[in-house]
Amino acid sequence: MDEKALIDTIVGEVMKRLNTVTPPAPAGVEPDTTSAPAQLAKYIDHTMLKADAPDAAFDQLCDEAVHWKFKSVCVNSSRVRYVARKLQGTGINVCAVVGFPLGQMDSRSKAFEARRCIEDGANELDMVINVGALKSGNLKLVEEDIRAVRRATRGTTVLKVIIETSLLTDEEKVIACELSKKAGADFVKTCSGFAGGGATPADIALMRRTVGPGFGVKASGGVRNFPRAAQLIAAGANRLGAVSSVAIVTGQEGEGGY
């Protein structure tokens, strides 16, 4: 059985367990966490990275994360303190993006941003690699860039490395994954969502084969519904980044973007 057929088979088995489509629950009502889509909540980083998002959008983001028990909320560094206060005591992780979305700032700037995010309450970081350095073959710079952020974190901080799969060849994806592992990261992640493309089962499968079973793989970009999310998990992802998180766990179709 080829890779696509295997993925389709696994997704089909998951879909058979989906008996009902759960509508969004009103405030104050416990969500149904027994349906197949709702069970994906524990994989999801509920994300808001829009430049024009007001405070109210982050209030809603946190409320939804608590309601559906998402793994984390993921925000830009300037919003970390705000959401950390709102999520205090809930058990929901706070994830901050670092060097986002281009990854082209100096490594010292990324390290400073990482330290500040942790001070403000982040316990997970998603950093963007220096894609230009990778494309140029400057692998030492790429590794040291990741290592600079790793050194800036505490031992309990989860570090995910965004490799921007849509900009890389398969060979470069493998190299980026290997460098991330070597530099001490905990996850590799497909993309920022701002460079085009998105998570594909083929990329997730390649990343999983490269990093092995004990390392994290996060699928992000274009994850808008339950079937797609299930397909990516079947391919090897153990974390999902999405703005359409509520749509995923309720069996609906979500919006585009990140």
# chains A, B, ... in the order shown; residues from 1 in each chain; ligands from 1

call {"tool": "residues_around", "arguments": {"residues": "range 89-100 of chain A", "least_positions_apart": "4", "cutoff": "7 Å", "atoms": "only C-alpha atoms", "output": "PyMOL selection string"}}
result
chain A and resi 66+70-77+80+84+105+110+113-114+117+121-128

call {"tool": "residues_around", "arguments": {"residues": "Lys86 in chain A", "least_positions_apart": "5", "cutoff": "9 Å", "atoms": "only C-alpha atoms", "output": "NGL selection string"}}
result
:A and (59 or 62-63 or 81)

call {"tool": "write_last_selection", "arguments": {"atoms": "N, CA and C atoms", "output": "PDB file, in the first residue's frame"}}
result
ATOM      1  N   ASP A  59      -9.259  37.815  23.863  1.00  0.00           N
ATOM      2  CA  ASP A  59     -10.200  37.366  24.885  1.00  0.00           C
ATOM      3  C   ASP A  59     -10.958  36.136  24.368  1.00  0.00           C
ATOM      4  N   CYS A  62      -8.663  32.969  24.092  1.00  0.00           N
ATOM      5  CA  CYS A  62      -8.435  32.302  25.377  1.00  0.00           C
ATOM      6  C   CYS A  62      -9.693  31.592  25.860  1.00  0.00           C
ATOM      7  N   ASP A  63     -10.850  32.238  25.706  1.00  0.00           N
ATOM      8  CA  ASP A  63     -12.105  31.611  26.124  1.00  0.00           C
ATOM      9  C   ASP A  63     -12.345  30.315  25.358  1.00  0.00           C
ATOM     10  N   ARG A  81       2.056  38.382  27.520  1.00  0.00           N
ATOM     11  CA  ARG A  81       1.684  38.715  28.894  1.00  0.00           C
ATOM     12  C   ARG A  81       0.166  38.787  29.052  1.00  0.00           C
TER      13      ARG A  81
END

call {"tool": "closest_residue", "arguments": {"among": "A:Thr200, A:Gln60, A:Val249, A:Ile233", "to": "Ala36 in chain A", "atoms": "only C-alpha atoms"}}
result
A:Val249

call {"tool": "select_by_dssp", "arguments": {"residues": "range 53-126 of chain A", "states": "helix (DSSP H, G or I)", "output": "number ranges by chain"}}
result
A: 55-68, 77-87, 107-119

call {"tool": "residues_around", "arguments": {"residues": "Arg239 in chain A", "least_positions_apart": "6", "cutoff": "8 Å", "atoms": "only C-alpha atoms", "output": "short mmCIF file (atom, residue, chain, number, x, y, z; two decimals) with C-alpha atoms, in the first residue's frame"}}
result
data_model
loop_
_atom_site.label_atom_id
_atom_site.label_comp_id
_atom_site.auth_asym_id
_atom_site.auth_seq_id
_atom_site.Cartn_x
_atom_site.Cartn_y
_atom_site.Cartn_z
CA TYR A 43 -3.27 18.36 19.52
CA ILE A 44 -4.12 21.98 18.65
CA ASP A 45 -2.25 25.24 19.19
CA GLY A 216 7.72 16.48 17.73
CA VAL A 217 6.26 17.36 14.32
CA LYS A 218 3.81 20.26 14.06
CA ALA A 219 1.58 20.75 11.02
CA ILE A 233 -1.98 13.34 12.25
#

call {"tool": "closest_residue", "arguments": {"among": "A:Val83, A:Val131, A:Met207, A:Ile248", "to": "Ala195 in chain A", "atoms": "only C-alpha atoms"}}
result
A:Val131

call {"tool": "atom_distance", "arguments": {"atom1": "CA of Lys189 in chain A", "atom2": "CA of Glu255 in chain A"}}
result
20.4 Å

call {"tool": "atom_distance", "arguments": {"atom1": "CA of Thr47 in chain A", "atom2": "CA of Gly241 in chain A"}}
result
6.5 Å

call {"tool": "atom_distance", "arguments": {"atom1": "CA of Leu179 in chain A", "atom2": "CA of Leu139 in chain A"}}
result
7.8 Å

call {"tool": "closest_residue", "arguments": {"among": "A:Leu102, A:His46, A:Ala205, A:Gly236", "to": "Arg224 in chain A", "atoms": "only C-alpha atoms"}}
result
A:His46

call {"tool": "closest_residue", "arguments": {"among": "A:Ala176, A:Leu232, A:Leu49, A:Val246", "to": "Val188 in chain A", "atoms": "only C-alpha atoms"}}
result
A:Ala176

call {"tool": "select_by_dssp", "arguments": {"residues": "range 24-187 of chain A", "states": "strand (DSSP E or B)", "output": "ChimeraX atom specification"}}
result
/A:44-48,72-75,93-98,124-128,158-162,187

call {"tool": "closest_residue", "arguments": {"among": "A:Ala235, A:Ala185, A:Ala148, A:Ala242", "to": "Gly198 in chain A", "atoms": "only C-alpha atoms"}}
result
A:Ala242

call {"tool": "closest_residue", "arguments": {"among": "A:Leu141, A:Leu159, A:Ala111, A:Ala230", "to": "Pro201 in chain A", "atoms": "only C-alpha atoms"}}
result
A:Ala230

call {"tool": "decode", "arguments": {"residues": "range 52-102 of chain A", "atoms": "C-alpha atoms", "output": "PDB file, in the first residue's frame"}}
result
ATOM      1  CA  ASP A  52      -4.775  43.954  13.282  1.00  0.00           C
ATOM      2  CA  ALA A  53      -6.253  41.686  15.962  1.00  0.00           C
ATOM      3  CA  PRO A  54      -7.723  43.743  18.856  1.00  0.00           C
ATOM      4  CA  ASP A  55      -7.797  42.771  22.536  1.00  0.00           C
ATOM      5  CA  ALA A  56     -11.270  41.290  22.095  1.00  0.00           C
ATOM      6  CA  ALA A  57      -9.890  38.739  19.625  1.00  0.00           C
ATOM      7  CA  PHE A  58      -7.465  37.468  22.261  1.00  0.00           C
ATOM      8  CA  ASP A  59     -10.200  37.366  24.885  1.00  0.00           C
ATOM      9  CA  GLN A  60     -12.163  35.109  22.532  1.00  0.00           C
ATOM     10  CA  LEU A  61      -9.058  33.068  21.703  1.00  0.00           C
ATOM     11  CA  CYS A  62      -8.435  32.302  25.377  1.00  0.00           C
ATOM     12  CA  ASP A  63     -12.105  31.611  26.124  1.00  0.00           C
ATOM     13  CA  GLU A  64     -12.258  29.125  23.255  1.00  0.00           C
ATOM     14  CA  ALA A  65      -9.016  27.463  24.343  1.00  0.00           C
ATOM     15  CA  VAL A  66     -10.355  26.906  27.848  1.00  0.00           C
ATOM     16  CA  HIS A  67     -13.781  25.793  26.589  1.00  0.00           C
ATOM     17  CA  TRP A  68     -12.437  23.194  24.160  1.00  0.00           C
ATOM     18  CA  LYS A  69      -9.271  22.361  26.136  1.00  0.00           C
ATOM     19  CA  PHE A  70      -6.835  23.122  23.322  1.00  0.00           C
ATOM     20  CA  LYS A  71      -3.181  22.331  23.966  1.00  0.00           C
ATOM     21  CA  SER A  72      -2.101  25.971  23.812  1.00  0.00           C
ATOM     22  CA  VAL A  73      -2.800  29.403  22.467  1.00  0.00           C
ATOM     23  CA  CYS A  74      -0.196  30.771  20.048  1.00  0.00           C
ATOM     24  CA  VAL A  75       0.356  34.523  19.732  1.00  0.00           C
ATOM     25  CA  ASN A  76       2.925  37.150  18.803  1.00  0.00           C
ATOM     26  CA  SER A  77       5.387  38.112  21.522  1.00  0.00           C
ATOM     27  CA  SER A  78       3.704  41.424  22.363  1.00  0.00           C
ATOM     28  CA  ARG A  79       0.537  39.529  23.340  1.00  0.00           C
ATOM     29  CA  VAL A  80       2.134  36.908  25.577  1.00  0.00           C
ATOM     30  CA  ARG A  81       1.684  38.715  28.894  1.00  0.00           C
ATOM     31  CA  TYR A  82      -1.969  39.491  28.116  1.00  0.00           C
ATOM     32  CA  VAL A  83      -2.948  35.918  27.293  1.00  0.00           C
ATOM     33  CA  ALA A  84      -0.756  34.425  30.048  1.00  0.00           C
ATOM     34  CA  ARG A  85      -2.726  36.395  32.625  1.00  0.00           C
ATOM     35  CA  LYS A  86      -6.034  35.292  31.132  1.00  0.00           C
ATOM     36  CA  LEU A  87      -4.962  31.631  31.032  1.00  0.00           C
ATOM     37  CA  GLN A  88      -3.334  31.510  34.459  1.00  0.00           C
ATOM     38  CA  GLY A  89      -4.436  28.403  36.331  1.00  0.00           C
ATOM     39  CA  THR A  90      -6.286  26.869  33.367  1.00  0.00           C
ATOM     40  CA  GLY A  91      -3.646  24.348  32.305  1.00  0.00           C
ATOM     41  CA  ILE A  92      -3.593  25.773  28.754  1.00  0.00           C
ATOM     42  CA  ASN A  93      -0.059  26.448  27.512  1.00  0.00           C
ATOM     43  CA  VAL A  94       1.058  29.815  26.173  1.00  0.00           C
ATOM     44  CA  CYS A  95       2.980  29.591  22.893  1.00  0.00           C
ATOM     45  CA  ALA A  96       4.832  32.569  21.409  1.00  0.00           C
ATOM     46  CA  VAL A  97       6.297  32.960  17.945  1.00  0.00           C
ATOM     47  CA  VAL A  98       9.895  34.180  17.728  1.00  0.00           C
ATOM     48  CA  GLY A  99      11.543  35.847  14.723  1.00  0.00           C
ATOM     49  CA  PHE A 100       8.157  35.775  13.070  1.00  0.00           C
ATOM     50  CA  PRO A 101       7.291  35.552  10.224  1.00  0.00           C
ATOM     51  CA  LEU A 102      10.495  35.968   8.164  1.00  0.00           C
TER      52      LEU A 102
END
